[in-house]
Amino acid sequence: MKTKQAFNPYMASWEYVPDGEPHIVGDRVYVYGSHDTFNGINFCLGDYVCWSAPVDDLGNWRYEGEIFKREQDPAAPRIRVTNGLAAPDMVVGPDGKYYLYYFMGGTKMISIAVCDEPAGKYEFYGYVSYQDGTPVGKKNEPFQFDPGMLMDNDGRLYMYTGFAFGGNPILLDGSQPTKDGPMAFEIDTTDMKTVLSGPTNIGVLTGEKAKGTPYEEQPFGEASSMRRFGDKYYFIYSSLNSHNLAYAVGDNPFGPFSYGGVLVSCGDIGLNGATDPNHAKNDTGNTHGSLIEIEGKYYIFYHRHSNRKQSSRQGCAEEIRFEDGRFYQAEMTSCGLNGGPLEGKGEYGTFCACNLYGPAGTRFLSMIKRPVFGLPYLTQDGGDRVGGPDQYIANMCNGAVAGFKYFDLADTTKIRINIKGRAEGVVEVATKEGGEPVAKIKIGAVREKHGFSARFNKPLGEKDALFFTFKGKGSFNFYTFELK
């Protein structure tokens, strides 16, 4: 039974869990991902944590705590900064135990941890290895990265890996990127770690081999994930464009797979006039996630970026259209798992903005936080933590736009924004991007958080967006808005 509204990001706004792999265990959905830190200097610097929610109450997420520490892996390199715990995936073994497969920078191997419960304290178990005992990654195969796991309906277990970004700093250990797309392995379920067959190329193309094929616009990059719906297998991946997740479809776990389309872009590129990272609806970076069916609806899990850099990523999810075996690109929203628009009454944190850009446009973010005039951004006060005040939008300058989708505003008549900063001007509120204002809120400079209000100038609809555009001098921090 639904007890809370669902927002994006679906976890708490102080949490940074990208690369989400959702799995249903019993009556709850658990998400396994890597763990960034706020303002982190690199990806995946935190230990693994887990969050879960009831399948019928997807706004009610619970922090399950830390489930596995990097130091538990005996191969963990001494230096953490460049060798974090990357994107994991989980499967339930035939023994009823929960197996977490993961890659750690600096090891070249795929590691395994095991637990008696989905979100308990996992213990190190071993490495995925060939039958001669050599770990996968230690022979002459291409770089192993971010394993995606599939326990098929017949009880056979498969693993998918791959990384095609040549020249990437992650390859400084001498590893070679894959030139043939992702690899598949069948794993022995008697021990959950011995390779029965593979690596096998599954026909998802990358690089030069993608040219002139349906994969040319979205060649394989990384972020392997496999799901089965009905009799079809859906391979989810991040393309070499990096900001989006795409998919391929096949009739068996080893393929061959045919290109299907784009699932989601963390800048809505491909939708609503967004054409590239410089003309997107948000600053972009990499993304990683997967598909899941929950209570008869389909969702795509992915991540967004915050604090002007790539390495403070947050989990998001959207309901996605699935018809006749085909998925259609999902739009980024503020209400992703909510099952419909958000209520038109109450106070909302601006951390749930789904579109955010300024007069300087947008960009593909780097690892370094670079101040750029004309770019609003999501941030928080204080360092990395568990708990504390919500994120907010900083640097709402002249021409900055913050968009939130969607709300039932049929009975809403008044809006109040809560801000702080040296700014003078008007915040225009529209129900469509670039639309005519339905409210104009005059603001002035304030040293402490202060509210400014206005009435809507006409009746609004049952599914409307809210786009806030500042026109004036200076800039302000935008904390919350209230609908009345």
# chains A, B, ... in the order shown; residues from 1 in each chain; ligands from 1
>>> closest_atom_pairs(of="segment 268-343 of chain A", to="segment 217-239 of chain A", cutoff="10 Å", atoms="only C-alpha atoms", output="JSON lines")
{"residue": "A:Asn286", "atom": "CA", "partner": "A:Ser238", "partner_atom": "CA", "distance": 7.8}
{"residue": "A:Thr287", "atom": "CA", "partner": "A:Ser238", "partner_atom": "CA", "distance": 6.5}
{"residue": "A:His288", "atom": "CA", "partner": "A:Ala223", "partner_atom": "CA", "distance": 5.5}
{"residue": "A:Gly289", "atom": "CA", "partner": "A:Ala223", "partner_atom": "CA", "distance": 7.3}
{"residue": "A:Ser290", "atom": "CA", "partner": "A:Ser225", "partner_atom": "CA", "distance": 6.2}
{"residue": "A:Leu291", "atom": "CA", "partner": "A:Arg227", "partner_atom": "CA", "distance": 7.0}
{"residue": "A:Ile292", "atom": "CA", "partner": "A:Arg227", "partner_atom": "CA", "distance": 7.7}
{"residue": "A:Glu293", "atom": "CA", "partner": "A:Phe229", "partner_atom": "CA", "distance": 8.5}
{"residue": "A:Ile300", "atom": "CA", "partner": "A:Ile236", "partner_atom": "CA", "distance": 9.9}
{"residue": "A:Gly325", "atom": "CA", "partner": "A:Lys232", "partner_atom": "CA", "distance": 8.0}
{"residue": "A:Arg326", "atom": "CA", "partner": "A:Tyr234", "partner_atom": "CA", "distance": 9.9}
{"residue": "A:Phe327", "atom": "CA", "partner": "A:Tyr234", "partner_atom": "CA", "distance": 10.0}
>>> write_last_selection(atoms="N, CA and C atoms", output="mmCIF file, in the first residue's frame")
data_model
loop_
_atom_site.group_PDB
_atom_site.id
_atom_site.type_symbol
_atom_site.label_atom_id
_atom_site.label_comp_id
_atom_site.auth_asym_id
_atom_site.auth_seq_id
_atom_site.Cartn_x
_atom_site.Cartn_y
_atom_site.Cartn_z
ATOM 1 N N ASN A 286 28.425 9.895 -17.570
ATOM 2 C CA ASN A 286 28.102 8.501 -17.881
ATOM 3 C C ASN A 286 26.795 8.091 -17.201
ATOM 4 N N THR A 287 26.257 6.948 -17.607
ATOM 5 C CA THR A 287 25.112 6.390 -16.889
ATOM 6 C C THR A 287 25.140 4.867 -16.990
ATOM 7 N N HIS A 288 24.391 4.221 -16.114
ATOM 8 C CA HIS A 288 24.446 2.761 -15.978
ATOM 9 C C HIS A 288 23.193 2.355 -15.206
ATOM 10 N N GLY A 289 22.597 1.252 -15.573
ATOM 11 C CA GLY A 289 21.400 0.801 -14.863
ATOM 12 C C GLY A 289 20.794 -0.402 -15.536
ATOM 13 N N SER A 290 19.487 -0.611 -15.300
ATOM 14 C CA SER A 290 18.848 -1.790 -15.874
ATOM 15 C C SER A 290 17.332 -1.636 -15.872
ATOM 16 N N LEU A 291 16.699 -2.607 -16.506
ATOM 17 C CA LEU A 291 15.250 -2.688 -16.587
ATOM 18 C C LEU A 291 14.705 -3.638 -15.533
ATOM 19 N N ILE A 292 13.459 -3.390 -15.109
ATOM 20 C CA ILE A 292 12.787 -4.316 -14.207
ATOM 21 C C ILE A 292 11.281 -4.165 -14.372
ATOM 22 N N GLU A 293 10.567 -5.265 -14.185
ATOM 23 C CA GLU A 293 9.107 -5.231 -14.130
ATOM 24 C C GLU A 293 8.689 -5.304 -12.661
ATOM 25 N N ILE A 300 12.995 1.802 -15.979
ATOM 26 C CA ILE A 300 14.413 1.857 -16.272
ATOM 27 C C ILE A 300 15.101 2.604 -15.132
ATOM 28 N N GLY A 325 7.164 -6.137 -27.402
ATOM 29 C CA GLY A 325 8.562 -6.518 -27.274
ATOM 30 C C GLY A 325 9.551 -5.390 -27.420
ATOM 31 N N ARG A 326 9.061 -4.155 -27.563
ATOM 32 C CA ARG A 326 9.943 -3.010 -27.793
ATOM 33 C C ARG A 326 9.822 -1.998 -26.662
ATOM 34 N N PHE A 327 10.969 -1.452 -26.233
ATOM 35 C CA PHE A 327 10.987 -0.362 -25.262
ATOM 36 C C PHE A 327 11.169 0.969 -25.990
#
>>> residues_around(residues="Gly155 of chain A", least_positions_apart="5", cutoff="9 Å", atoms="only C-alpha atoms", output="PDB file with C-alpha atoms, in the first residue's frame")
ATOM      1  CA  GLY A  93      22.005 -19.130  -6.073  1.00  0.00           C
ATOM      2  CA  PRO A  94      20.316 -22.545  -6.062  1.00  0.00           C
ATOM      3  CA  THR A 189      25.931 -22.997 -10.348  1.00  0.00           C
TER       4      THR A 189
END
>>> closest_residue(among="A:Pro277, A:Gly270, A:Gly451, A:Gly434", to="Thr480 of chain A", atoms="only C-alpha atoms")
A:Gly451
>>> residues_around(residues="Val204 of chain A", least_positions_apart="4", cutoff="12 Å", atoms="only C-alpha atoms", output="VMD selection string")
chain A and resid 160 to 162 164 178 to 184 200 209 to 210 213 to 216 218 to 222 224 234 to 239 246 to 250 254 to 260
>>> write_last_selection(atoms="N, CA and C atoms", output="short mmCIF file (atom, residue, chain, number, x, y, z; two decimals), in the first residue's frame")
data_model
loop_
_atom_site.label_atom_id
_atom_site.label_comp_id
_atom_site.auth_asym_id
_atom_site.auth_seq_id
_atom_site.Cartn_x
_atom_site.Cartn_y
_atom_site.Cartn_z
N TYR A 160 28.02 -11.21 -17.96
CA TYR A 160 28.32 -10.35 -19.11
C TYR A 160 29.26 -9.24 -18.66
N THR A 161 30.32 -9.01 -19.42
CA THR A 161 31.29 -7.97 -19.08
C THR A 161 31.75 -7.28 -20.35
N GLY A 162 32.47 -6.17 -20.18
CA GLY A 162 33.04 -5.49 -21.34
C GLY A 162 33.27 -4.01 -21.08
N ALA A 164 34.70 -0.66 -23.69
CA ALA A 164 35.17 -0.34 -25.04
C ALA A 164 35.71 1.06 -25.19
N THR A 178 37.69 -3.93 -25.16
CA THR A 178 37.14 -4.88 -26.12
C THR A 178 36.87 -4.19 -27.45
N LYS A 179 37.25 -4.84 -28.52
CA LYS A 179 36.96 -4.33 -29.86
C LYS A 179 35.80 -5.08 -30.50
N ASP A 180 35.33 -6.12 -29.81
CA ASP A 180 34.28 -6.98 -30.35
C ASP A 180 32.98 -6.89 -29.56
N GLY A 181 32.85 -5.87 -28.70
CA GLY A 181 31.64 -5.75 -27.91
C GLY A 181 31.69 -6.58 -26.64
N PRO A 182 30.59 -6.68 -25.93
CA PRO A 182 30.57 -7.37 -24.64
C PRO A 182 30.75 -8.88 -24.78
N MET A 183 31.24 -9.48 -23.69
CA MET A 183 31.50 -10.92 -23.64
C MET A 183 30.51 -11.59 -22.69
N ALA A 184 30.18 -12.85 -22.98
CA ALA A 184 29.30 -13.63 -22.12
C ALA A 184 30.02 -14.89 -21.66
N THR A 200 32.24 -15.54 -24.88
CA THR A 200 31.55 -15.61 -26.16
C THR A 200 31.09 -14.23 -26.56
N LYS A 209 33.56 -1.81 -35.95
CA LYS A 209 32.65 -2.88 -36.38
C LYS A 209 31.19 -2.46 -36.33
N ALA A 210 30.88 -1.38 -35.59
CA ALA A 210 29.50 -0.89 -35.52
C ALA A 210 29.12 -0.03 -36.72
N THR A 213 26.10 -0.40 -39.41
CA THR A 213 25.13 -1.34 -38.83
C THR A 213 24.13 -0.57 -37.98
N PRO A 214 23.05 -1.22 -37.51
CA PRO A 214 22.11 -0.53 -36.62
C PRO A 214 22.74 -0.04 -35.32
N TYR A 215 23.93 -0.56 -34.95
CA TYR A 215 24.60 -0.12 -33.73
C TYR A 215 25.41 1.16 -33.91
N GLU A 216 25.48 1.69 -35.12
CA GLU A 216 26.41 2.79 -35.38
C GLU A 216 26.15 4.01 -34.50
N GLN A 218 24.64 4.03 -31.54
CA GLN A 218 24.78 3.68 -30.11
C GLN A 218 25.66 2.45 -29.96
N PRO A 219 26.94 2.54 -30.31
CA PRO A 219 27.82 1.38 -30.18
C PRO A 219 28.08 1.08 -28.71
N PHE A 220 28.35 -0.18 -28.42
CA PHE A 220 28.58 -0.59 -27.03
C PHE A 220 29.74 0.17 -26.41
N GLY A 221 29.55 0.61 -25.14
CA GLY A 221 30.61 1.26 -24.40
C GLY A 221 30.98 0.50 -23.12
N GLU A 222 29.97 0.30 -22.24
CA GLU A 222 30.20 -0.38 -20.96
C GLU A 222 28.83 -0.68 -20.34
N SER A 224 27.26 -3.45 -18.79
CA SER A 224 26.50 -4.63 -19.22
C SER A 224 25.46 -5.03 -18.18
N TYR A 234 17.03 -9.24 -23.05
CA TYR A 234 17.30 -7.83 -23.29
C TYR A 234 18.63 -7.45 -22.66
N PHE A 235 19.57 -7.10 -23.52
CA PHE A 235 20.89 -6.69 -23.06
C PHE A 235 20.91 -5.17 -22.97
N ILE A 236 21.13 -4.66 -21.76
CA ILE A 236 21.14 -3.22 -21.51
C ILE A 236 22.59 -2.77 -21.40
N TYR A 237 22.92 -1.62 -22.01
CA TYR A 237 24.31 -1.15 -21.98
C TYR A 237 24.36 0.36 -22.14
N SER A 238 25.47 0.93 -21.72
CA SER A 238 25.76 2.34 -21.98
C SER A 238 26.56 2.42 -23.27
N SER A 239 26.14 3.28 -24.17
CA SER A 239 26.82 3.37 -25.46
C SER A 239 28.09 4.21 -25.34
N ALA A 246 21.15 2.06 -23.80
CA ALA A 246 20.49 1.48 -24.97
C ALA A 246 20.27 0.00 -24.70
N TYR A 247 19.62 -0.68 -25.64
CA TYR A 247 19.39 -2.11 -25.44
C TYR A 247 19.44 -2.85 -26.76
N ALA A 248 19.68 -4.16 -26.64
CA ALA A 248 19.62 -5.08 -27.77
C ALA A 248 18.78 -6.27 -27.33
N VAL A 249 18.19 -6.97 -28.28
CA VAL A 249 17.28 -8.06 -27.96
C VAL A 249 17.69 -9.33 -28.71
N GLY A 250 17.54 -10.48 -28.04
CA GLY A 250 17.90 -11.75 -28.65
C GLY A 250 17.03 -12.88 -28.16
N PHE A 254 23.32 -16.17 -25.27
CA PHE A 254 24.56 -15.92 -25.98
C PHE A 254 24.35 -15.15 -27.29
N GLY A 255 23.09 -14.77 -27.59
CA GLY A 255 22.81 -14.02 -28.79
C GLY A 255 22.70 -14.90 -30.02
N PRO A 256 22.81 -14.31 -31.22
CA PRO A 256 23.18 -12.91 -31.45
C PRO A 256 22.05 -11.94 -31.10
N PHE A 257 22.44 -10.72 -30.72
CA PHE A 257 21.49 -9.70 -30.32
C PHE A 257 21.34 -8.64 -31.40
N SER A 258 20.11 -8.18 -31.58
CA SER A 258 19.80 -7.13 -32.54
C SER A 258 19.56 -5.82 -31.80
N TYR A 259 20.04 -4.71 -32.37
CA TYR A 259 19.89 -3.42 -31.73
C TYR A 259 18.41 -3.07 -31.55
N GLY A 260 18.06 -2.55 -30.34
CA GLY A 260 16.67 -2.23 -30.05
C GLY A 260 16.37 -0.74 -30.01
#
>>> residues_around(residues="Gln144 of chain A", least_positions_apart="3", cutoff="8 Å", atoms="only C-alpha atoms", output="PyMOL selection string")
chain A and resi 103+108-110+136-137+147+161-163
>>> write_last_selection(atoms="C-alpha atoms", output="PDB file, in the first residue's frame")
ATOM      1  CA  PHE A 103      34.828  -5.452 -10.240  1.00  0.00           C
ATOM      2  CA  LYS A 108      41.558  -7.127 -13.492  1.00  0.00           C
ATOM      3  CA  MET A 109      39.291  -9.805 -11.928  1.00  0.00           C
ATOM      4  CA  ILE A 110      35.593 -10.299 -11.211  1.00  0.00           C
ATOM      5  CA  VAL A 136      38.844 -14.415 -15.577  1.00  0.00           C
ATOM      6  CA  GLY A 137      40.791 -11.317 -16.547  1.00  0.00           C
ATOM      7  CA  PRO A 147      29.631  -7.706 -14.478  1.00  0.00           C
ATOM      8  CA  THR A 161      31.286  -7.972 -19.079  1.00  0.00           C
ATOM      9  CA  GLY A 162      33.039  -5.494 -21.337  1.00  0.00           C
ATOM     10  CA  PHE A 163      34.590  -2.040 -21.683  1.00  0.00           C
TER      11      PHE A 163
END
>>> select_by_dssp(residues="segment 138-254 of chain A", states="alpha helix (DSSP H)", output="ChimeraX atom specification")
/A:207-210
>>> decode(residues="segment 120-164 of chain A", atoms="N, CA and C atoms", output="compact mmCIF listing (two decimals), in the first residue's frame")
# COMPACT_ATOMS: atom_id res chain seq x y z
N GLY A 120 22.24 -8.16 3.93
CA GLY A 120 23.00 -8.39 5.15
C GLY A 120 24.47 -8.06 4.96
N LYS A 121 25.31 -8.60 5.82
CA LYS A 121 26.75 -8.39 5.74
C LYS A 121 27.36 -9.47 4.85
N TYR A 122 27.75 -9.07 3.65
CA TYR A 122 28.34 -10.01 2.69
C TYR A 122 29.77 -10.34 3.09
N GLU A 123 30.17 -11.58 2.79
CA GLU A 123 31.52 -12.04 3.05
C GLU A 123 32.19 -12.37 1.72
N PHE A 124 33.49 -12.10 1.66
CA PHE A 124 34.22 -12.40 0.44
C PHE A 124 34.17 -13.90 0.15
N TYR A 125 33.97 -14.25 -1.13
CA TYR A 125 33.80 -15.66 -1.51
C TYR A 125 34.88 -16.16 -2.47
N GLY A 126 35.30 -15.31 -3.42
CA GLY A 126 36.29 -15.77 -4.38
C GLY A 126 36.24 -14.97 -5.67
N TYR A 127 36.83 -15.54 -6.72
CA TYR A 127 36.90 -14.88 -8.02
C TYR A 127 36.31 -15.79 -9.10
N VAL A 128 35.64 -15.19 -10.07
CA VAL A 128 35.18 -15.96 -11.22
C VAL A 128 36.43 -16.47 -11.95
N SER A 129 36.50 -17.79 -12.14
CA SER A 129 37.74 -18.40 -12.65
C SER A 129 37.45 -19.46 -13.70
N TYR A 130 38.43 -19.65 -14.57
CA TYR A 130 38.35 -20.75 -15.54
C TYR A 130 38.57 -22.08 -14.83
N GLN A 131 38.33 -23.16 -15.52
CA GLN A 131 38.40 -24.48 -14.90
C GLN A 131 39.80 -24.85 -14.44
N ASP A 132 40.82 -24.17 -14.98
CA ASP A 132 42.19 -24.43 -14.51
C ASP A 132 42.54 -23.59 -13.29
N GLY A 133 41.56 -22.83 -12.79
CA GLY A 133 41.77 -22.01 -11.60
C GLY A 133 42.22 -20.59 -11.86
N THR A 134 42.54 -20.25 -13.11
CA THR A 134 42.97 -18.90 -13.44
C THR A 134 41.78 -17.95 -13.42
N PRO A 135 41.85 -16.85 -12.67
CA PRO A 135 40.73 -15.91 -12.65
C PRO A 135 40.47 -15.31 -14.03
N VAL A 136 39.20 -15.13 -14.36
CA VAL A 136 38.84 -14.42 -15.58
C VAL A 136 39.44 -13.01 -15.49
N GLY A 137 40.10 -12.59 -16.54
CA GLY A 137 40.79 -11.32 -16.55
C GLY A 137 42.29 -11.46 -16.48
N LYS A 138 42.77 -12.65 -16.10
CA LYS A 138 44.20 -12.88 -15.97
C LYS A 138 44.78 -13.63 -17.17
N LYS A 139 43.94 -13.93 -18.16
CA LYS A 139 44.45 -14.51 -19.40
C LYS A 139 44.52 -13.40 -20.45
N ASN A 140 44.38 -13.74 -21.69
CA ASN A 140 44.57 -12.75 -22.74
C ASN A 140 43.26 -12.14 -23.21
N GLU A 141 42.18 -12.28 -22.41
CA GLU A 141 40.90 -11.71 -22.81
C GLU A 141 40.91 -10.19 -22.60
N PRO A 142 40.00 -9.47 -23.26
CA PRO A 142 39.93 -8.02 -23.06
C PRO A 142 39.54 -7.68 -21.62
N PHE A 143 39.59 -6.41 -21.31
CA PHE A 143 39.36 -5.88 -19.97
C PHE A 143 38.01 -6.32 -19.41
N GLN A 144 38.02 -6.86 -18.19
CA GLN A 144 36.80 -7.26 -17.51
C GLN A 144 36.28 -6.09 -16.67
N PHE A 145 34.97 -5.83 -16.73
CA PHE A 145 34.46 -4.62 -16.07
C PHE A 145 32.96 -4.75 -15.85
N ASP A 146 32.50 -4.31 -14.67
CA ASP A 146 31.08 -4.18 -14.35
C ASP A 146 30.25 -5.40 -14.78
N PRO A 147 30.36 -6.50 -14.06
CA PRO A 147 29.63 -7.71 -14.48
C PRO A 147 28.12 -7.55 -14.34
N GLY A 148 27.41 -8.00 -15.36
CA GLY A 148 25.96 -8.13 -15.29
C GLY A 148 25.61 -9.60 -15.24
N MET A 149 24.71 -9.99 -14.34
CA MET A 149 24.42 -11.41 -14.12
C MET A 149 22.99 -11.75 -14.51
N LEU A 150 22.79 -12.96 -15.00
CA LEU A 150 21.45 -13.46 -15.30
C LEU A 150 21.33 -14.91 -14.83
N MET A 151 20.42 -15.15 -13.90
CA MET A 151 20.03 -16.52 -13.55
C MET A 151 18.80 -16.82 -14.38
N ASP A 152 18.95 -17.65 -15.39
CA ASP A 152 17.86 -17.88 -16.33
C ASP A 152 16.79 -18.79 -15.72
N ASN A 153 15.66 -18.86 -16.41
CA ASN A 153 14.53 -19.65 -15.89
C ASN A 153 14.86 -21.13 -15.74
N ASP A 154 15.83 -21.62 -16.51
CA ASP A 154 16.21 -23.02 -16.43
C ASP A 154 17.31 -23.29 -15.41
N GLY A 155 17.66 -22.24 -14.62
CA GLY A 155 18.66 -22.42 -13.59
C GLY A 155 20.09 -22.28 -14.04
N ARG A 156 20.32 -21.87 -15.28
CA ARG A 156 21.68 -21.65 -15.77
C ARG A 156 22.08 -20.20 -15.51
N LEU A 157 23.33 -20.00 -15.17
CA LEU A 157 23.83 -18.69 -14.77
C LEU A 157 24.79 -18.13 -15.81
N TYR A 158 24.57 -16.84 -16.16
CA TYR A 158 25.40 -16.19 -17.17
C TYR A 158 25.97 -14.88 -16.61
N MET A 159 27.16 -14.55 -17.09
CA MET A 159 27.82 -13.30 -16.72
C MET A 159 28.21 -12.54 -17.99
N TYR A 160 28.02 -11.21 -17.96
CA TYR A 160 28.32 -10.35 -19.11
C TYR A 160 29.26 -9.24 -18.66
N THR A 161 30.32 -9.01 -19.42
CA THR A 161 31.29 -7.97 -19.08
C THR A 161 31.75 -7.28 -20.35
N GLY A 162 32.47 -6.17 -20.18
CA GLY A 162 33.04 -5.49 -21.34
C GLY A 162 33.27 -4.01 -21.08
N PHE A 163 34.25 -3.46 -21.80
CA PHE A 163 34.59 -2.04 -21.68
C PHE A 163 35.26 -1.64 -22.97
N ALA A 164 34.70 -0.66 -23.69
CA ALA A 164 35.17 -0.34 -25.04
C ALA A 164 35.71 1.06 -25.19
